[in-house]
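Asker: Contents of data.cif (mmCIF, C-alpha atoms) are given next:
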```
data_target
#
loop_
_atom_site.group_PDB
_atom_site.id
_atom_site.type_symbol
_atom_site.label_atom_id
_atom_site.label_comp_id
_atom_site.auth_asym_id
_atom_site.auth_seq_id
_atom_site.Cartn_x
_atom_site.Cartn_y
_atom_site.Cartn_z
ATOM 1 C CA MET A 1 0.000 0.000 0.000
ATOM 2 C CA GLU A 2 1.389 3.346 -1.035
ATOM 3 C CA ARG A 3 1.248 6.293 1.329
ATOM 4 C CA THR A 4 1.899 9.894 0.359
ATOM 5 C CA CYS A 5 2.315 12.759 2.808
ATOM 6 C CA CYS A 6 2.706 16.384 1.777
ATOM 7 C CA THR A 7 3.511 19.455 3.815
ATOM 8 C CA MET A 8 2.202 22.869 2.810
ATOM 9 C CA GLU A 9 2.602 26.194 4.544
ATOM 10 C CA GLU A 10 1.570 29.725 3.720
ATOM 11 C CA SER A 11 4.401 31.967 2.628
ATOM 12 C CA ASP A 12 3.888 35.317 0.918
ATOM 13 C CA SER A 13 7.599 35.717 0.281
ATOM 14 C CA GLU A 14 7.894 32.314 -1.394
ATOM 15 C CA LYS A 15 4.798 32.983 -3.508
ATOM 16 C CA ARG A 16 6.355 36.229 -4.696
ATOM 17 C CA MET A 17 9.665 34.504 -5.353
ATOM 18 C CA GLU A 18 8.036 31.779 -7.461
ATOM 19 C CA LYS A 19 5.910 34.288 -9.360
ATOM 20 C CA GLU A 20 8.885 36.486 -10.216
ATOM 21 C CA ASN A 21 11.428 33.640 -10.093
ATOM 22 C CA LEU A 22 13.708 35.723 -7.892
ATOM 23 C CA GLY A 23 15.577 33.424 -5.564
ATOM 24 C CA PRO A 24 16.957 34.930 -2.361
ATOM 25 C CA ARG A 25 20.628 35.848 -2.218
ATOM 26 C CA MET A 26 22.596 32.745 -1.269
ATOM 27 C CA ASP A 27 25.538 33.060 1.103
ATOM 28 C CA PRO A 28 27.805 30.052 1.684
ATOM 29 C CA PRO A 29 26.831 28.354 4.974
ATOM 30 C CA ILE A 30 29.270 29.069 7.803
ATOM 31 C CA GLY A 31 32.041 26.492 7.980
ATOM 32 C CA GLU A 32 31.202 24.784 4.697
ATOM 33 C CA PRO A 33 34.033 24.539 2.132
ATOM 34 C CA GLU A 34 33.678 25.617 -1.469
ATOM 35 C CA GLY A 35 32.098 22.835 -3.508
ATOM 36 C CA SER A 36 30.172 21.253 -0.619
ATOM 37 C CA LEU A 37 26.499 20.417 -1.022
ATOM 38 C CA GLY A 38 25.558 23.538 0.910
ATOM 39 C CA TRP A 39 27.769 25.766 -1.239
ATOM 40 C CA MET A 40 26.575 26.000 -4.824
ATOM 41 C CA ILE A 41 27.300 29.373 -6.384
ATOM 42 C CA PRO A 42 29.836 32.076 -5.406
ATOM 43 C CA ASN A 43 28.385 34.918 -3.361
ATOM 44 C CA THR A 44 28.827 37.430 -6.187
ATOM 45 C CA THR A 45 26.158 37.511 -8.880
ATOM 46 C CA MET A 46 27.077 35.653 -12.048
ATOM 47 C CA LYS A 47 25.247 36.612 -15.261
ATOM 48 C CA LYS A 48 25.018 34.228 -18.212
ATOM 49 C CA LYS A 49 23.630 35.384 -21.557
ATOM 50 C CA VAL A 50 21.335 32.802 -23.165
ATOM 51 C CA LEU A 51 20.070 33.263 -26.719
ATOM 52 C CA LEU A 52 16.756 31.614 -27.595
ATOM 53 C CA MET A 53 16.296 31.621 -31.364
ATOM 54 C CA GLY A 54 14.245 29.905 -34.059
ATOM 55 C CA LYS A 55 11.486 30.473 -36.557
ATOM 56 C CA SER A 56 8.339 32.319 -35.471
ATOM 57 C CA GLY A 57 5.816 29.869 -34.053
ATOM 58 C CA SER A 58 8.365 27.193 -33.158
ATOM 59 C CA GLY A 59 7.416 27.349 -29.464
ATOM 60 C CA LYS A 60 10.376 29.289 -28.005
ATOM 61 C CA THR A 61 8.387 31.667 -25.809
ATOM 62 C CA SER A 62 5.926 28.957 -24.744
ATOM 63 C CA MET A 63 8.777 26.721 -23.669
ATOM 64 C CA ARG A 64 10.448 29.537 -21.719
ATOM 65 C CA SER A 65 7.173 30.457 -20.007
ATOM 66 C CA ILE A 66 6.480 26.886 -18.874
ATOM 67 C CA ILE A 67 9.994 26.280 -17.535
ATOM 68 C CA PHE A 68 10.676 29.629 -15.859
ATOM 69 C CA ALA A 69 7.294 31.343 -15.318
ATOM 70 C CA ASN A 70 5.175 28.370 -14.115
ATOM 71 C CA TYR A 71 2.792 28.457 -17.076
ATOM 72 C CA ILE A 72 0.815 25.322 -17.868
ATOM 73 C CA ALA A 73 0.779 24.181 -21.496
ATOM 74 C CA ARG A 74 -2.772 25.269 -22.334
ATOM 75 C CA ASP A 75 -2.147 28.807 -21.044
ATOM 76 C CA THR A 76 0.672 29.363 -23.544
ATOM 77 C CA ARG A 77 -1.864 29.514 -26.370
ATOM 78 C CA ARG A 78 -2.651 33.063 -25.247
ATOM 79 C CA LEU A 79 0.933 34.207 -25.801
ATOM 80 C CA GLY A 80 1.460 36.433 -28.826
ATOM 81 C CA ALA A 81 4.382 36.399 -31.221
ATOM 82 C CA THR A 82 7.639 37.841 -29.870
ATOM 83 C CA ILE A 83 8.441 41.260 -31.353
ATOM 84 C CA ASP A 84 12.160 41.795 -31.970
ATOM 85 C CA VAL A 85 13.988 40.715 -28.757
ATOM 86 C CA GLU A 86 12.287 40.123 -25.407
ATOM 87 C CA HIS A 87 14.683 40.284 -22.448
ATOM 88 C CA SER A 88 14.127 38.556 -19.117
ATOM 89 C CA HIS A 89 16.349 37.827 -16.116
ATOM 90 C CA VAL A 90 15.878 34.530 -14.335
ATOM 91 C CA ARG A 91 17.607 34.023 -10.988
ATOM 92 C CA PHE A 92 18.754 30.424 -10.681
ATOM 93 C CA LEU A 93 20.376 28.889 -7.596
ATOM 94 C CA GLY A 94 20.476 32.254 -5.870
ATOM 95 C CA ASN A 95 23.266 34.204 -7.559
ATOM 96 C CA LEU A 96 23.337 32.675 -11.033
ATOM 97 C CA VAL A 97 21.297 35.003 -13.260
ATOM 98 C CA LEU A 98 20.250 33.749 -16.677
ATOM 99 C CA ASN A 99 19.923 36.720 -19.030
ATOM 100 C CA LEU A 100 17.444 35.288 -21.540
ATOM 101 C CA TRP A 101 17.224 36.900 -24.987
ATOM 102 C CA ASP A 102 14.057 35.551 -26.618
ATOM 103 C CA CYS A 103 14.489 36.564 -30.263
ATOM 104 C CA GLY A 104 11.448 36.931 -32.501
ATOM 105 C CA GLY A 105 11.572 34.575 -35.477
ATOM 106 C CA GLN A 106 9.832 36.614 -38.190
ATOM 107 C CA ASP A 107 11.891 36.927 -41.381
ATOM 108 C CA ASN A 108 12.574 40.664 -41.082
ATOM 109 C CA PHE A 109 13.816 40.279 -37.490
ATOM 110 C CA MET A 110 16.025 37.330 -38.370
ATOM 111 C CA GLU A 111 17.677 39.249 -41.198
ATOM 112 C CA ASN A 112 18.377 42.193 -38.862
ATOM 113 C CA TYR A 113 20.009 39.894 -36.302
ATOM 114 C CA PHE A 114 22.591 38.864 -38.889
ATOM 115 C CA THR A 115 23.270 42.376 -40.212
ATOM 116 C CA SER A 116 22.657 45.588 -38.250
ATOM 117 C CA GLN A 117 22.249 43.876 -34.819
ATOM 118 C CA ARG A 118 24.847 41.161 -35.317
ATOM 119 C CA ASP A 119 27.401 42.309 -32.720
ATOM 120 C CA ASN A 120 24.781 43.200 -30.110
ATOM 121 C CA ILE A 121 22.888 39.917 -30.412
ATOM 122 C CA PHE A 122 25.740 37.434 -30.666
ATOM 123 C CA ARG A 123 28.402 39.004 -28.427
ATOM 124 C CA ASN A 124 29.171 37.515 -24.949
ATOM 125 C CA VAL A 125 26.812 34.560 -25.394
ATOM 126 C CA GLU A 126 27.182 31.614 -23.006
ATOM 127 C CA VAL A 127 24.516 29.406 -24.588
ATOM 128 C CA LEU A 128 22.623 29.439 -27.888
ATOM 129 C CA ILE A 129 19.396 27.450 -27.945
ATOM 130 C CA TYR A 130 18.004 27.097 -31.472
ATOM 131 C CA VAL A 131 14.499 25.673 -31.759
ATOM 132 C CA PHE A 132 13.193 23.934 -34.883
ATOM 133 C CA ASP A 133 9.469 23.506 -35.510
ATOM 134 C CA VAL A 134 8.761 19.841 -36.316
ATOM 135 C CA GLU A 135 5.817 20.945 -38.485
ATOM 136 C CA SER A 136 7.783 23.480 -40.545
ATOM 137 C CA ARG A 137 7.397 23.281 -44.314
ATOM 138 C CA GLU A 138 10.308 25.628 -44.979
ATOM 139 C CA LEU A 139 13.181 23.396 -43.981
ATOM 140 C CA GLU A 140 15.627 25.024 -46.383
ATOM 141 C CA LYS A 141 15.001 28.484 -44.923
ATOM 142 C CA ASP A 142 15.184 27.092 -41.388
ATOM 143 C CA MET A 143 18.586 25.557 -42.088
ATOM 144 C CA HIS A 144 19.799 28.806 -43.670
ATOM 145 C CA TYR A 145 18.911 30.774 -40.517
ATOM 146 C CA TYR A 146 20.487 28.113 -38.292
ATOM 147 C CA GLN A 147 23.691 28.183 -40.325
ATOM 148 C CA SER A 148 23.760 31.985 -40.087
ATOM 149 C CA CYS A 149 23.398 31.740 -36.297
ATOM 150 C CA LEU A 150 26.303 29.317 -36.076
ATOM 151 C CA GLU A 151 28.527 31.596 -38.157
ATOM 152 C CA ALA A 152 27.631 34.651 -36.047
ATOM 153 C CA ILE A 153 28.258 32.746 -32.795
ATOM 154 C CA LEU A 154 31.601 31.442 -34.040
ATOM 155 C CA GLN A 155 32.651 35.000 -34.879
ATOM 156 C CA ASN A 156 31.414 36.763 -31.729
ATOM 157 C CA SER A 157 31.245 34.080 -28.994
ATOM 158 C CA PRO A 158 33.456 31.161 -30.045
ATOM 159 C CA ASP A 159 33.275 29.480 -26.625
ATOM 160 C CA ALA A 160 29.468 29.445 -26.455
ATOM 161 C CA LYS A 161 27.665 26.128 -25.994
ATOM 162 C CA ILE A 162 25.041 25.339 -28.634
ATOM 163 C CA PHE A 163 21.854 23.319 -28.208
ATOM 164 C CA CYS A 164 19.472 22.445 -31.020
ATOM 165 C CA LEU A 165 15.920 21.457 -30.029
ATOM 166 C CA VAL A 166 13.442 19.895 -32.474
ATOM 167 C CA HIS A 167 10.298 21.013 -30.784
ATOM 168 C CA LYS A 168 6.607 21.909 -30.743
ATOM 169 C CA MET A 169 4.867 22.443 -27.430
ATOM 170 C CA ASP A 170 1.755 20.348 -28.074
ATOM 171 C CA LEU A 171 3.724 17.452 -29.607
ATOM 172 C CA VAL A 172 6.525 17.040 -27.056
ATOM 173 C CA GLN A 173 5.965 15.294 -23.719
ATOM 174 C CA GLU A 174 6.487 17.529 -20.703
ATOM 175 C CA ASP A 175 9.128 15.289 -19.139
ATOM 176 C CA GLN A 176 11.177 15.400 -22.372
ATOM 177 C CA ARG A 177 10.997 19.208 -22.351
ATOM 178 C CA ASP A 178 12.256 19.348 -18.763
ATOM 179 C CA LEU A 179 15.054 16.931 -19.639
ATOM 180 C CA ALA A 180 16.295 19.265 -22.381
ATOM 181 C CA TRP A 181 16.331 22.322 -20.104
ATOM 182 C CA SER A 182 17.983 20.429 -17.241
ATOM 183 C CA SER A 183 20.778 19.454 -19.638
ATOM 184 C CA ILE A 184 21.183 23.070 -20.752
ATOM 185 C CA VAL A 185 21.217 24.558 -17.251
ATOM 186 C CA TYR A 186 23.672 21.867 -16.121
ATOM 187 C CA GLN A 187 26.253 23.398 -18.484
ATOM 188 C CA LEU A 188 25.947 26.790 -16.762
ATOM 189 C CA ILE A 189 26.475 25.668 -13.155
ATOM 190 C CA PRO A 190 29.972 26.290 -11.771
ATOM 191 C CA ASN A 191 31.662 23.683 -9.561
ATOM 192 C CA VAL A 192 29.260 21.019 -10.838
ATOM 193 C CA GLN A 193 31.856 18.206 -10.820
ATOM 194 C CA GLN A 194 32.709 18.881 -7.164
ATOM 195 C CA LEU A 195 29.005 19.042 -6.387
ATOM 196 C CA GLU A 196 28.454 15.621 -7.942
ATOM 197 C CA MET A 197 31.307 14.119 -5.945
ATOM 198 C CA ASN A 198 29.858 15.443 -2.682
ATOM 199 C CA LEU A 199 26.394 14.236 -3.654
ATOM 200 C CA LYS A 200 27.894 10.763 -4.116
ATOM 201 C CA ASN A 201 29.473 10.933 -0.646
ATOM 202 C CA PHE A 202 26.178 12.088 0.861
ATOM 203 C CA ALA A 203 24.275 9.188 -0.751
ATOM 204 C CA GLU A 204 26.793 6.629 0.464
ATOM 205 C CA ILE A 205 26.784 7.981 4.032
ATOM 206 C CA ILE A 206 22.995 7.707 4.387
ATOM 207 C CA GLU A 207 22.943 4.433 2.378
ATOM 208 C CA ALA A 208 20.406 5.734 -0.125
ATOM 209 C CA ASP A 209 19.572 4.042 -3.415
ATOM 210 C CA GLU A 210 19.448 7.420 -5.095
ATOM 211 C CA VAL A 211 19.741 11.142 -4.331
ATOM 212 C CA ILE A 212 18.477 13.870 -6.690
ATOM 213 C CA LEU A 213 19.060 17.608 -6.323
ATOM 214 C CA PHE A 214 16.472 20.027 -7.786
ATOM 215 C CA GLU A 215 16.606 23.804 -8.223
ATOM 216 C CA ARG A 216 13.953 25.243 -5.939
ATOM 217 C CA ALA A 217 12.034 27.651 -8.188
ATOM 218 C CA THR A 218 11.999 25.702 -11.465
ATOM 219 C CA PHE A 219 12.434 22.188 -10.048
ATOM 220 C CA LEU A 220 14.880 21.414 -12.825
ATOM 221 C CA VAL A 221 17.299 18.595 -12.046
ATOM 222 C CA ILE A 222 20.734 19.930 -11.079
ATOM 223 C CA SER A 223 22.517 16.700 -10.266
ATOM 224 C CA HIS A 224 21.944 13.166 -9.047
ATOM 225 C CA TYR A 225 23.712 10.058 -7.832
ATOM 226 C CA GLN A 226 22.380 6.496 -7.932
ATOM 227 C CA CYS A 227 23.731 3.375 -6.248
ATOM 228 C CA LYS A 228 21.292 1.011 -7.958
ATOM 229 C CA ASP A 229 20.180 0.775 -11.571
ATOM 230 C CA GLN A 230 16.707 2.152 -12.283
ATOM 231 C CA ARG A 231 14.426 1.149 -15.133
ATOM 232 C CA ASP A 232 12.899 4.524 -16.016
ATOM 233 C CA THR A 233 15.559 6.791 -17.523
ATOM 234 C CA HIS A 234 13.156 9.767 -17.527
ATOM 235 C CA ARG A 235 12.042 9.453 -13.903
ATOM 236 C CA PHE A 236 13.674 12.724 -12.760
ATOM 237 C CA GLU A 237 11.865 14.805 -15.347
ATOM 238 C CA LYS A 238 8.553 13.073 -14.597
ATOM 239 C CA ILE A 239 9.007 13.777 -10.881
ATOM 240 C CA SER A 240 9.926 17.377 -11.653
ATOM 241 C CA ASN A 241 6.778 17.872 -13.710
ATOM 242 C CA ILE A 242 4.548 16.247 -11.081
ATOM 243 C CA ILE A 243 5.932 18.466 -8.314
ATOM 244 C CA LYS A 244 5.606 21.624 -10.423
ATOM 245 C CA GLN A 245 1.968 20.824 -11.138
ATOM 246 C CA PHE A 246 1.370 20.145 -7.454
ATOM 247 C CA LYS A 247 3.037 23.436 -6.513
ATOM 248 C CA LEU A 248 0.660 25.249 -8.861
ATOM 249 C CA SER A 249 -2.277 23.542 -7.126
ATOM 250 C CA CYS A 250 -0.901 24.640 -3.752
ATOM 251 C CA SER A 251 -0.653 28.243 -4.914
ATOM 252 C CA LYS A 252 -4.391 28.242 -5.683
ATOM 253 C CA LEU A 253 -4.939 27.480 -1.988
ATOM 254 C CA ALA A 254 -2.645 30.345 -0.908
ATOM 255 C CA ALA A 255 -0.099 27.798 0.283
ATOM 256 C CA SER A 256 3.400 26.801 -0.800
ATOM 257 C CA PHE A 257 4.891 23.353 -1.227
ATOM 258 C CA GLN A 258 7.450 22.370 1.412
ATOM 259 C CA SER A 259 7.926 18.596 1.492
ATOM 260 C CA MET A 260 6.566 15.246 0.357
ATOM 261 C CA GLU A 261 6.939 11.666 1.538
ATOM 262 C CA VAL A 262 5.940 8.557 -0.432
ATOM 263 C CA ARG A 263 6.110 5.041 1.011
ATOM 264 C CA ASN A 264 5.090 1.617 -0.253
ATOM 265 C CA SER A 265 6.282 -1.970 0.184
ATOM 266 C CA ASN A 266 9.212 -1.464 -2.221
ATOM 267 C CA PHE A 267 10.723 1.897 -1.334
ATOM 268 C CA ALA A 268 10.432 5.165 0.532
ATOM 269 C CA ALA A 269 11.031 8.546 -1.139
ATOM 270 C CA PHE A 270 11.460 11.855 0.656
ATOM 271 C CA ILE A 271 11.450 15.317 -0.938
ATOM 272 C CA ASP A 272 12.309 18.309 1.219
ATOM 273 C CA ILE A 273 14.051 21.695 1.204
ATOM 274 C CA PHE A 274 17.810 21.125 1.249
ATOM 275 C CA THR A 275 19.435 24.564 0.942
ATOM 276 C CA THR A 276 18.095 28.062 0.342
ATOM 277 C CA ASN A 277 17.785 27.357 -3.380
ATOM 278 C CA THR A 278 17.466 23.600 -3.678
ATOM 279 C CA TYR A 279 15.260 20.621 -2.902
ATOM 280 C CA VAL A 280 16.629 17.125 -2.361
ATOM 281 C CA MET A 281 14.951 13.795 -3.054
ATOM 282 C CA VAL A 282 16.211 10.689 -1.234
ATOM 283 C CA VAL A 283 15.090 7.190 -2.301
ATOM 284 C CA MET A 284 15.629 4.108 -0.103
ATOM 285 C CA SER A 285 14.575 0.510 -0.688
ATOM 286 C CA ASP A 286 16.155 -1.298 2.283
ATOM 287 C CA PRO A 287 13.297 -1.564 4.865
ATOM 288 C CA SER A 288 15.637 -1.555 7.864
ATOM 289 C CA ILE A 289 17.489 1.578 6.731
ATOM 290 C CA ARG A 290 14.460 3.674 5.769
ATOM 291 C CA LYS A 291 12.562 2.687 8.914
ATOM 292 C CA PHE A 292 15.492 3.469 11.205
ATOM 293 C CA LYS A 293 16.473 6.763 9.590
ATOM 294 C CA PHE A 294 13.147 8.363 8.756
ATOM 295 C CA SER A 295 10.322 6.866 10.825
#
```
Just dump the structure as structure tokens.

Answerer:
Amino acid sequence: MERTCCTMEESDSEKRMEKENLGPRMDPPIGEPEGSLGWMIPNTTMKKKVLLMGKSGSGKTSMRSIIFANYIARDTRRLGATIDVEHSHVRFLGNLVLNLWDCGGQDNFMENYFTSQRDNIFRNVEVLIYVFDVESRELEKDMHYYQSCLEAILQNSPDAKIFCLVHKMDLVQEDQRDLAWSSIVYQLIPNVQQLEMNLKNFAEIIEADEVILFERATFLVISHYQCKDQRDTHRFEKISNIIKQFKLSCSKLAASFQSMEVRNSNFAAFIDIFTTNTYVMVVMSDPSIRKFKFS
């Protein structure tokens, strides 16, 4: 028999933070060394420029709104076409600020990006995300614009990381969309290798089957460590989507999500706040361990 327990509490500050996606400033915990699980991002603000480009109607703005502004898929139908460049700043893990440039995909805008606005658009880019519409009937033009983007990036930001998404919001499963964005954000996190090593140590100390670290506002997967093989390779993204939907339900009740516990005869899973800007999920299957440590 499966048992699920959830904890909700009212929090005006957290509701505002999730609405605006402005995480609180994160200071390293006292006594914790750089790279520890409690120390994620340096205390100074780090800004990363992210270009979001692709043909008009490919789903760029809808995707951004679902991941970073807590939209649900059906609400994105009300979004209009992006005019020129729409700027937004998303605070991630406290002091990592993603400077998102959502570039309109109409032909006249695209041509301007490669001519008069070339230096401004493509300079100091950390990540280029180019989105293809799977229903497009102008593949040749799409490839021409993509090639032009690659040339401009190579000239102005040669060290930028490039991601190509073949995408349409109503045709792509939500867990697959979260997987893509988790992979992209992973590339922007400093000290991530040290973080993974400490997550491994943490999992081994508590004898967990698996430990997953989520960013608090977006619930994107930051890192994980598993001691046992799992059958579902997309389980993190499915969990992320379920929790985000539940958080939206909580907000309708003027409450905020804090923790969740799921138990059955095979395992116990615990999700709770870990640091100022993260949630942790711990999974245990050994009955003696999970009963001793968490009952």

Asker: What does the distance between CA of Leu100 (chain A) and CA of Glu237 (chain A) come to in Å, to one decimal place?

Answerer: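 Spanning CA of Leu100 (chain A) to CA of Glu237 (chain A) is a straight-line distance of 22.1 Å.
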
Asker: Mind checking which residues fall within 12 Å of Ile184 (chain A), counting only C-alpha atoms, ignoring those fewer than 5 positions away in the same chain, and posting them as a list in words?

Answerer: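 Listed by chain and then number, they are Val50, Leu51, Leu52, Leu98, Glu126, Val127, Leu128, Ile129, Tyr130, Ala160, Lys161, Ile162, Phe163, Cys164, Leu165, Arg177, Asp178, Leu179, Ile189, Leu220, Val221 and Ile222 of chain A.
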
Asker: Which one of A:Lys55, A:Arg137, A:Phe92, A:Phe122 sits closest to Gln106 (chain A) if you count all atoms listed in the file?

Answerer: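 Using all atoms listed in the file, Gln106 (chain A) sits closest to A:Lys55.
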
Asker: Neighbouring residues of Asn108 (chain A) were defined as those with any atom within 12 Å, considering only C-alpha atoms; residues of the same chain fewer than 3 positions away were excluded. Please report them as a PDB file with C-alpha atoms, keeping the file's coordinate frame.

Answerer:
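Below you can see around-v2.pdb, which holds the result:
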```
ATOM      1  CA  LYS A  55      11.486  30.473 -36.557  1.00  0.00           C
ATOM      2  CA  SER A  56       8.339  32.319 -35.471  1.00  0.00           C
ATOM      3  CA  ILE A  83       8.441  41.260 -31.353  1.00  0.00           C
ATOM      4  CA  ASP A  84      12.160  41.795 -31.970  1.00  0.00           C
ATOM      5  CA  CYS A 103      14.489  36.564 -30.263  1.00  0.00           C
ATOM      6  CA  GLY A 104      11.448  36.931 -32.501  1.00  0.00           C
ATOM      7  CA  GLY A 105      11.572  34.575 -35.477  1.00  0.00           C
ATOM      8  CA  GLU A 111      17.677  39.249 -41.198  1.00  0.00           C
ATOM      9  CA  ASN A 112      18.377  42.193 -38.862  1.00  0.00           C
ATOM     10  CA  TYR A 113      20.009  39.894 -36.302  1.00  0.00           C
ATOM     11  CA  PHE A 114      22.591  38.864 -38.889  1.00  0.00           C
ATOM     12  CA  THR A 115      23.270  42.376 -40.212  1.00  0.00           C
ATOM     13  CA  SER A 116      22.657  45.588 -38.250  1.00  0.00           C
ATOM     14  CA  GLN A 117      22.249  43.876 -34.819  1.00  0.00           C
ATOM     15  CA  TYR A 145      18.911  30.774 -40.517  1.00  0.00           C
TER      16      TYR A 145
END
```

Asker: What is the distance between CA of Met281 (chain A) and CA of Gln258 (chain A), in Å to one decimal?

Answerer: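 Interatomic distance here is 12.2 Å.
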
Asker: Give as a list in words the residues that the PyMOL selection byres ((chain A and resi 96) around 9) matches when applied to the coordinates above.

Answerer: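 What the PyMOL selection byres ((chain A and resi 96) around 9) grabs from the file is Ile41, Pro42, Thr44, Thr45, Met46, Lys47, Lys48, Val90, Arg91, Phe92, Leu93, Gly94, Asn95, Val97, Leu98, Leu188 and Ile189 of chain A.
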
Asker: What do you get, as a list in words, if you spell out every residue that the PyMOL selection byres ((chain A and resi 166) around 7) selects here?

Answerer: Val131, Phe132, Asp133, Val134, Cys164, Leu165 and His167 of chain A

Asker: Residues as selected, C-alpha atoms, written as a PDB file, in the coordinates of the input, can you do that?

Answerer:
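For reference, result_5.pdb as written:
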```pdb
ATOM      1  CA  VAL A 131      14.499  25.673 -31.759  1.00  0.00           C
ATOM      2  CA  PHE A 132      13.193  23.934 -34.883  1.00  0.00           C
ATOM      3  CA  ASP A 133       9.469  23.506 -35.510  1.00  0.00           C
ATOM      4  CA  VAL A 134       8.761  19.841 -36.316  1.00  0.00           C
ATOM      5  CA  CYS A 164      19.472  22.445 -31.020  1.00  0.00           C
ATOM      6  CA  LEU A 165      15.920  21.457 -30.029  1.00  0.00           C
ATOM      7  CA  HIS A 167      10.298  21.013 -30.784  1.00  0.00           C
TER       8      HIS A 167
END
```

Asker: What's the separation between CA of Ala208 (chain A) and CA of Asn266 (chain A), in Å to one decimal place?

Answerer: 13.5 Å

Asker: Taking all atoms of region 137-143 of chain A that appear in the file, build a box with edges along x, y and z, extend it by 4 Å on every side, and state its centre and edge lengths in Å to one decimal, as AutoDock Vina command-line options.

Answerer:
```
--center_x 13.0 --center_y 25.9 --center_z -43.9 --size_x 19.2 --size_y 13.2 --size_z 13.0
```

Asker: Give the answer as one residue: which of A:Glu210, A:Ala254, A:Thr233, A:Asn198 has the shortest atom-to-atom distance to Phe267 (chain A), using only C-alpha atoms?

Answerer: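 Among the listed residues, the smallest separation from Phe267 (chain A) belongs to A:Glu210.
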
Asker: Could you pull out every residue with an atom within 6 Å of (9.3, 22.4, -14.3), file coordinates, counting all atoms listed in the file, and send them as a list in words?

Answerer: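 Residues with an atom close enough to that point: Ile67, Thr218, Phe219, Leu220, Ser240, Asn241 and Lys244 of chain A.
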
Asker: List the neighbours of Tyr146 (chain A) out to 8 Å using all atoms listed in the file; skip same-chain residues closer than 4 positions along the sequence, and give me the result as a list in words.

Answerer: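 The residues satisfying every condition are Gly54, Tyr130, Asp142 and Leu150 of chain A.
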